[in-house]
Amino acid sequence: MHIAMIGAGYVGLVSATCFADFGHDVVCVDKDPNRLNTLRGGKIPIYEPGLEELVKSNAEAGRLHFSDDVGSATGRADIVFLAVGTPSRHGDGYADLTFVYEAAREIAPHLSDFTVVVTKSTVPVGTGDEVERIIRDVNPAAQCAVVSNPEFLREGSAIEDFKKPDRIIIGTDDQRAQSIMEEVYGPLCANEAPILFTGRRTAELTKYASNAFLAMKITFINEMADLCERVGADVLSVARGMGMDARIGDRFLQAGPGYGGSCFPKDSTALTNMAQDSDSPLRLVETTVAINDQRRRAMARKVIRACGGRVRGRRIGILGLTFKPDTDDMREAPSIPIIRTLLDAGAIIRAYDPAAVAGANNTLREIEICPDPYAAAEGAAALAVITDWDEFSSLDLDRLRRQMDPASTVLVDLRNMFDPARITGAGFVYEAVGRGDLIGTGATVKHAAE
Ligand code: UDX
């Protein structure tokens with residue numbers, strides 16, 4: 001099949017590369033000349049494990065091409081995917097659909113033979129209808145079906161998510177489009193990846209519903225973690241016990257500093273706005289958004305409490321800045337509001353992250369980015385782990401502690417990634433999330449009574 005992928009951003013690039021890897025002929029179109037040059041040079045402009053090798057091998061095999069020519073890519077395509085950004089509109093939290101509609105206008109004149117136009121970007125319900133209206137407006141003779149096929153890729157494991165999906169959602173009533181979509185996902189169907197065919201609006205909503213539910217699940221366990229601290233229970237075991245119930249499932253029950261990233265925050269807000277506008281407010285999701293917002297600052301206060309309530313003029317070392325490991329993405333990273341709150345309380349921040357780009361955010365310009373975790377620990381009254389990068393589990397704990405202010409060797413593990421006995425054994429005072437079971441064991445600082 002011939003595929004045009006409009007947008008060589010995260011979703012577009014991963015999807016284009018994986019489709020090429022299935023044997024399809026894919027042209028990935030983008031307007032940014034620097035991005036195209038990087039890609040043509042065999043490098044990728046984003047951080048995603050395994051992607052660069054896959055781009056290179058498929059480009060060398062002649063199945064994956066990069067171009068700025070929407071017209072010729074669309075003209076020869078059986079399927080055109082729209083994988084452009086849908087950022088949060090400034091000020092009101094609605095999804096900004098400018099790029100989607102612009103792409104629809106650009107492809108429209110080139111849709112001659114029957115072509116399936118697929119929205120891959122996360123878009124509010126009804127966007128497919130508008131894309132179809134625009135196409136028919138620009139080119140009344142266009143032969144096409146507009147389909148919704150949302151992506152469920154997680155940064156850091158996007159290739160695996162693409163190739164071994166839990167499900168593929170395809171929203172269209174058009175029989176011809178259905179069989180073309182089946183063919184494009186053929187190799188996955190052979191692996192028995194379930195395809196769910198739905199109406200277009202249903203597919204659009206399913207994506208939002210899935211993300212909002214996962215955000216809610218995380219927020220639920222985060223609140224449960226707070227309660228665990230008050231009542232002397234262990235959130236890890238609570239989550240394990242809950243997860244053993246197949247109706248609940250054990251994934252996305254890791255308590256932490258709150259969810260971040262390019263999807264959950266933006267999509268949850270866009271969904272609640274859409275629901276409000278439809279006179280059907282989603283109160284659970286609205287509350288989830290509010291709780292998650294407050295949580296980041298609450299985590300900063302937890303660090304301050306662990307330092308005895310005072311951080312003015314004292315150093316705090318931060319380990320991990322990205323919104324999760326295996327990405328360099330700083331969008332909506334909990335580290336930013338946490339650091340902001342600590343800076344406002346007068347702390348001096350030194351941070352280390354294996355991938356975050358220095359200066360990616362204004363707040364980061366006010367802190368010192370260190371070349372390694374030990375430098376971040378220098379003279380620190382406390383260390384706070386905000387992102388659970390694998391490499392932190394092999395830290396030399398003695399060396400780390402020796403770097404710190406000997407009067408205060410607190411390690412606040414906001415991801416529960418460490419074994420408390422190992423950390424206290426190395427001479428740290430350990431503070432975790434939702435480990436009320438540790439209170440009174442000497443493993444943790446006293447905070448429950450506050
Ligand atoms: C998410 C969805 O998982 C994916 O299906 C969708 O297409 C895009 O958004 P992503 O943002 O890459 O993917 O990351 P994800 O792994 O889902 O994590 C999102 C946030 O939740 C991160 O900040 C992560 O640290 C946090 N999280 C996740 C938790 O705090 N606890 C968990 O148990 C799981």
# chains A, B, ... in the order shown; residues from 1 in each chain; ligands from 1
>>> residues_near_ligand(ligand="ligand 1", cutoff="7 Å", atoms="only C-alpha atoms and all ligand atoms", output="NGL selection string")
:A and (151-156 or 211 or 215 or 218 or 251-264 or 323-324 or 333)
>>> closest_atom_pairs(of="stretch 203-308 of chain A", to="stretch 373-385 of chain A", cutoff="8 Å", atoms="only C-alpha atoms", output="tab-separated table")
residue	atom	partner	partner_atom	distance
A:Val303	CA	A:Ala384	CA	7.2
A:Ala306	CA	A:Ala382	CA	7.8
A:Cys307	CA	A:Ala382	CA	6.6
>>> write_last_selection(atoms="N, CA and C atoms", output="PDB file, in the first residue's frame")
ATOM      1  N   VAL A 303       8.849  17.505  50.189  1.00  0.00           N
ATOM      2  CA  VAL A 303      10.316  17.623  50.222  1.00  0.00           C
ATOM      3  C   VAL A 303      10.719  18.634  51.304  1.00  0.00           C
ATOM      4  N   ALA A 306      10.391  17.164  54.641  1.00  0.00           N
ATOM      5  CA  ALA A 306      11.468  16.199  54.890  1.00  0.00           C
ATOM      6  C   ALA A 306      12.764  16.907  55.277  1.00  0.00           C
ATOM      7  N   CYS A 307      12.873  18.194  54.899  1.00  0.00           N
ATOM      8  CA  CYS A 307      14.053  18.984  55.271  1.00  0.00           C
ATOM      9  C   CYS A 307      13.804  19.728  56.581  1.00  0.00           C
TER      10      CYS A 307
END
>>> closest_residue(among="A:Gly75, A:Gly313, A:Pro265, A:Gly241", to="A:Ile3", atoms="only C-alpha atoms")
A:Gly75
>>> closest_residue(among="A:Cys144, A:Ala190, A:Ser394, A:Pro420", to="A:Arg176", atoms="only C-alpha atoms")
A:Cys144
>>> closest_residue(among="A:Leu400, A:Met274, A:Ala141, A:Ala95", to="A:Asp113", atoms="only C-alpha atoms")
A:Ala141
>>> closest_atom_pairs(of="stretch 159-228 of chain A", to="stretch 50-56 of chain A", cutoff="12 Å", atoms="only C-alpha atoms", output="tab-separated table")
residue	atom	partner	partner_atom	distance
A:Ile159	CA	A:Leu51	CA	7.2
A:Glu160	CA	A:Gly50	CA	9.6
A:Phe162	CA	A:Leu51	CA	11.7
>>> write_last_selection(atoms="C-alpha atoms", output="compact mmCIF listing (two decimals), in the first residue's frame")
# COMPACT_ATOMS: atom_id res chain seq x y z
CA ILE A 159 7.39 0.89 18.74
CA GLU A 160 6.29 -1.99 20.92
CA PHE A 162 2.49 0.12 17.71
>>> decode(residues="stretch 91-134 of chain A", atoms="N, CA and C atoms", output="PDB file, in the first residue's frame")
ATOM      1  N   GLY A  91      -4.836  29.497  26.988  1.00  0.00           N
ATOM      2  CA  GLY A  91      -5.835  30.187  27.797  1.00  0.00           C
ATOM      3  C   GLY A  91      -7.052  29.362  28.130  1.00  0.00           C
ATOM      4  N   ASP A  92      -7.564  28.550  27.191  1.00  0.00           N
ATOM      5  CA  ASP A  92      -8.844  27.913  27.494  1.00  0.00           C
ATOM      6  C   ASP A  92      -8.806  26.391  27.538  1.00  0.00           C
ATOM      7  N   GLY A  93      -7.679  25.775  27.200  1.00  0.00           N
ATOM      8  CA  GLY A  93      -7.562  24.325  27.334  1.00  0.00           C
ATOM      9  C   GLY A  93      -8.274  23.509  26.261  1.00  0.00           C
ATOM     10  N   TYR A  94      -8.893  24.186  25.274  1.00  0.00           N
ATOM     11  CA  TYR A  94      -9.491  23.437  24.169  1.00  0.00           C
ATOM     12  C   TYR A  94      -8.378  22.956  23.239  1.00  0.00           C
ATOM     13  N   ALA A  95      -8.656  21.853  22.508  1.00  0.00           N
ATOM     14  CA  ALA A  95      -7.666  21.388  21.543  1.00  0.00           C
ATOM     15  C   ALA A  95      -7.631  22.372  20.371  1.00  0.00           C
ATOM     16  N   ASP A  96      -6.421  22.761  19.988  1.00  0.00           N
ATOM     17  CA  ASP A  96      -6.248  23.669  18.858  1.00  0.00           C
ATOM     18  C   ASP A  96      -6.179  22.820  17.578  1.00  0.00           C
ATOM     19  N   LEU A  97      -7.179  22.976  16.720  1.00  0.00           N
ATOM     20  CA  LEU A  97      -7.283  22.094  15.548  1.00  0.00           C
ATOM     21  C   LEU A  97      -6.767  22.744  14.262  1.00  0.00           C
ATOM     22  N   THR A  98      -6.097  23.892  14.428  1.00  0.00           N
ATOM     23  CA  THR A  98      -5.625  24.638  13.256  1.00  0.00           C
ATOM     24  C   THR A  98      -4.839  23.744  12.305  1.00  0.00           C
ATOM     25  N   PHE A  99      -3.910  22.948  12.867  1.00  0.00           N
ATOM     26  CA  PHE A  99      -3.019  22.162  11.993  1.00  0.00           C
ATOM     27  C   PHE A  99      -3.782  21.032  11.293  1.00  0.00           C
ATOM     28  N   VAL A 100      -4.777  20.485  11.979  1.00  0.00           N
ATOM     29  CA  VAL A 100      -5.566  19.401  11.376  1.00  0.00           C
ATOM     30  C   VAL A 100      -6.352  19.944  10.180  1.00  0.00           C
ATOM     31  N   TYR A 101      -7.009  21.078  10.405  1.00  0.00           N
ATOM     32  CA  TYR A 101      -7.838  21.636   9.333  1.00  0.00           C
ATOM     33  C   TYR A 101      -6.973  22.145   8.174  1.00  0.00           C
ATOM     34  N   GLU A 102      -5.811  22.690   8.517  1.00  0.00           N
ATOM     35  CA  GLU A 102      -4.900  23.169   7.472  1.00  0.00           C
ATOM     36  C   GLU A 102      -4.446  21.978   6.615  1.00  0.00           C
ATOM     37  N   ALA A 103      -4.116  20.858   7.285  1.00  0.00           N
ATOM     38  CA  ALA A 103      -3.678  19.665   6.548  1.00  0.00           C
ATOM     39  C   ALA A 103      -4.812  19.167   5.648  1.00  0.00           C
ATOM     40  N   ALA A 104      -6.053  19.203   6.166  1.00  0.00           N
ATOM     41  CA  ALA A 104      -7.204  18.749   5.363  1.00  0.00           C
ATOM     42  C   ALA A 104      -7.324  19.599   4.099  1.00  0.00           C
ATOM     43  N   ARG A 105      -7.161  20.927   4.259  1.00  0.00           N
ATOM     44  CA  ARG A 105      -7.249  21.828   3.100  1.00  0.00           C
ATOM     45  C   ARG A 105      -6.141  21.541   2.085  1.00  0.00           C
ATOM     46  N   GLU A 106      -4.953  21.210   2.613  1.00  0.00           N
ATOM     47  CA  GLU A 106      -3.815  20.994   1.706  1.00  0.00           C
ATOM     48  C   GLU A 106      -3.921  19.693   0.928  1.00  0.00           C
ATOM     49  N   ILE A 107      -4.445  18.651   1.574  1.00  0.00           N
ATOM     50  CA  ILE A 107      -4.512  17.368   0.842  1.00  0.00           C
ATOM     51  C   ILE A 107      -5.689  17.342  -0.136  1.00  0.00           C
ATOM     52  N   ALA A 108      -6.738  18.110   0.185  1.00  0.00           N
ATOM     53  CA  ALA A 108      -8.007  18.004  -0.560  1.00  0.00           C
ATOM     54  C   ALA A 108      -7.865  18.042  -2.088  1.00  0.00           C
ATOM     55  N   PRO A 109      -7.109  19.001  -2.647  1.00  0.00           N
ATOM     56  CA  PRO A 109      -7.064  19.064  -4.117  1.00  0.00           C
ATOM     57  C   PRO A 109      -6.423  17.841  -4.753  1.00  0.00           C
ATOM     58  N   HIS A 110      -5.700  17.038  -3.959  1.00  0.00           N
ATOM     59  CA  HIS A 110      -4.925  15.927  -4.539  1.00  0.00           C
ATOM     60  C   HIS A 110      -5.596  14.577  -4.352  1.00  0.00           C
ATOM     61  N   LEU A 111      -6.833  14.580  -3.827  1.00  0.00           N
ATOM     62  CA  LEU A 111      -7.537  13.318  -3.598  1.00  0.00           C
ATOM     63  C   LEU A 111      -8.315  12.960  -4.861  1.00  0.00           C
ATOM     64  N   SER A 112      -7.672  12.222  -5.785  1.00  0.00           N
ATOM     65  CA  SER A 112      -8.319  11.918  -7.061  1.00  0.00           C
ATOM     66  C   SER A 112      -8.992  10.550  -7.011  1.00  0.00           C
ATOM     67  N   ASP A 113      -8.175   9.479  -6.976  1.00  0.00           N
ATOM     68  CA  ASP A 113      -8.787   8.149  -6.843  1.00  0.00           C
ATOM     69  C   ASP A 113      -9.234   7.980  -5.393  1.00  0.00           C
ATOM     70  N   PHE A 114     -10.011   6.924  -5.149  1.00  0.00           N
ATOM     71  CA  PHE A 114     -10.523   6.733  -3.788  1.00  0.00           C
ATOM     72  C   PHE A 114      -9.369   6.655  -2.775  1.00  0.00           C
ATOM     73  N   THR A 115      -9.416   7.501  -1.785  1.00  0.00           N
ATOM     74  CA  THR A 115      -8.353   7.566  -0.781  1.00  0.00           C
ATOM     75  C   THR A 115      -8.993   7.580   0.607  1.00  0.00           C
ATOM     76  N   VAL A 116      -8.372   6.873   1.522  1.00  0.00           N
ATOM     77  CA  VAL A 116      -8.854   6.913   2.905  1.00  0.00           C
ATOM     78  C   VAL A 116      -8.061   8.001   3.636  1.00  0.00           C
ATOM     79  N   VAL A 117      -8.764   8.936   4.232  1.00  0.00           N
ATOM     80  CA  VAL A 117      -8.110  10.000   5.002  1.00  0.00           C
ATOM     81  C   VAL A 117      -8.335   9.682   6.481  1.00  0.00           C
ATOM     82  N   VAL A 118      -7.244   9.538   7.215  1.00  0.00           N
ATOM     83  CA  VAL A 118      -7.341   9.045   8.592  1.00  0.00           C
ATOM     84  C   VAL A 118      -6.832  10.095   9.572  1.00  0.00           C
ATOM     85  N   THR A 119      -7.647  10.446  10.558  1.00  0.00           N
ATOM     86  CA  THR A 119      -7.116  11.310  11.618  1.00  0.00           C
ATOM     87  C   THR A 119      -6.491  10.419  12.681  1.00  0.00           C
ATOM     88  N   LYS A 120      -5.182  10.624  12.881  1.00  0.00           N
ATOM     89  CA  LYS A 120      -4.449   9.887  13.918  1.00  0.00           C
ATOM     90  C   LYS A 120      -4.274  10.773  15.147  1.00  0.00           C
ATOM     91  N   SER A 121      -4.258  12.088  14.886  1.00  0.00           N
ATOM     92  CA  SER A 121      -4.111  13.024  16.001  1.00  0.00           C
ATOM     93  C   SER A 121      -5.301  12.849  16.942  1.00  0.00           C
ATOM     94  N   THR A 122      -5.081  13.164  18.226  1.00  0.00           N
ATOM     95  CA  THR A 122      -6.185  13.108  19.190  1.00  0.00           C
ATOM     96  C   THR A 122      -7.058  14.340  18.991  1.00  0.00           C
ATOM     97  N   VAL A 123      -8.310  14.113  18.617  1.00  0.00           N
ATOM     98  CA  VAL A 123      -9.168  15.242  18.255  1.00  0.00           C
ATOM     99  C   VAL A 123     -10.541  15.126  18.902  1.00  0.00           C
ATOM    100  N   PRO A 124     -11.150  16.253  19.235  1.00  0.00           N
ATOM    101  CA  PRO A 124     -12.484  16.227  19.834  1.00  0.00           C
ATOM    102  C   PRO A 124     -13.513  15.585  18.902  1.00  0.00           C
ATOM    103  N   VAL A 125     -14.552  15.071  19.511  1.00  0.00           N
ATOM    104  CA  VAL A 125     -15.618  14.436  18.745  1.00  0.00           C
ATOM    105  C   VAL A 125     -16.190  15.433  17.740  1.00  0.00           C
ATOM    106  N   GLY A 126     -16.315  14.983  16.522  1.00  0.00           N
ATOM    107  CA  GLY A 126     -16.871  15.846  15.473  1.00  0.00           C
ATOM    108  C   GLY A 126     -15.802  16.394  14.548  1.00  0.00           C
ATOM    109  N   THR A 127     -14.523  16.201  14.907  1.00  0.00           N
ATOM    110  CA  THR A 127     -13.459  16.745  14.060  1.00  0.00           C
ATOM    111  C   THR A 127     -13.447  16.049  12.701  1.00  0.00           C
ATOM    112  N   GLY A 128     -13.699  14.742  12.705  1.00  0.00           N
ATOM    113  CA  GLY A 128     -13.747  13.998  11.434  1.00  0.00           C
ATOM    114  C   GLY A 128     -14.813  14.576  10.508  1.00  0.00           C
ATOM    115  N   ASP A 129     -15.954  14.960  11.084  1.00  0.00           N
ATOM    116  CA  ASP A 129     -17.038  15.552  10.277  1.00  0.00           C
ATOM    117  C   ASP A 129     -16.545  16.843   9.618  1.00  0.00           C
ATOM    118  N   GLU A 130     -15.809  17.637  10.406  1.00  0.00           N
ATOM    119  CA  GLU A 130     -15.326  18.921   9.904  1.00  0.00           C
ATOM    120  C   GLU A 130     -14.241  18.706   8.844  1.00  0.00           C
ATOM    121  N   VAL A 131     -13.365  17.712   9.063  1.00  0.00           N
ATOM    122  CA  VAL A 131     -12.330  17.401   8.070  1.00  0.00           C
ATOM    123  C   VAL A 131     -13.011  17.026   6.752  1.00  0.00           C
ATOM    124  N   GLU A 132     -14.059  16.212   6.837  1.00  0.00           N
ATOM    125  CA  GLU A 132     -14.771  15.793   5.627  1.00  0.00           C
ATOM    126  C   GLU A 132     -15.422  16.999   4.938  1.00  0.00           C
ATOM    127  N   ARG A 133     -16.001  17.884   5.759  1.00  0.00           N
ATOM    128  CA  ARG A 133     -16.650  19.072   5.192  1.00  0.00           C
ATOM    129  C   ARG A 133     -15.628  19.949   4.459  1.00  0.00           C
ATOM    130  N   ILE A 134     -14.452  20.121   5.084  1.00  0.00           N
ATOM    131  CA  ILE A 134     -13.412  20.955   4.464  1.00  0.00           C
ATOM    132  C   ILE A 134     -12.972  20.350   3.135  1.00  0.00           C
TER     133      ILE A 134
END
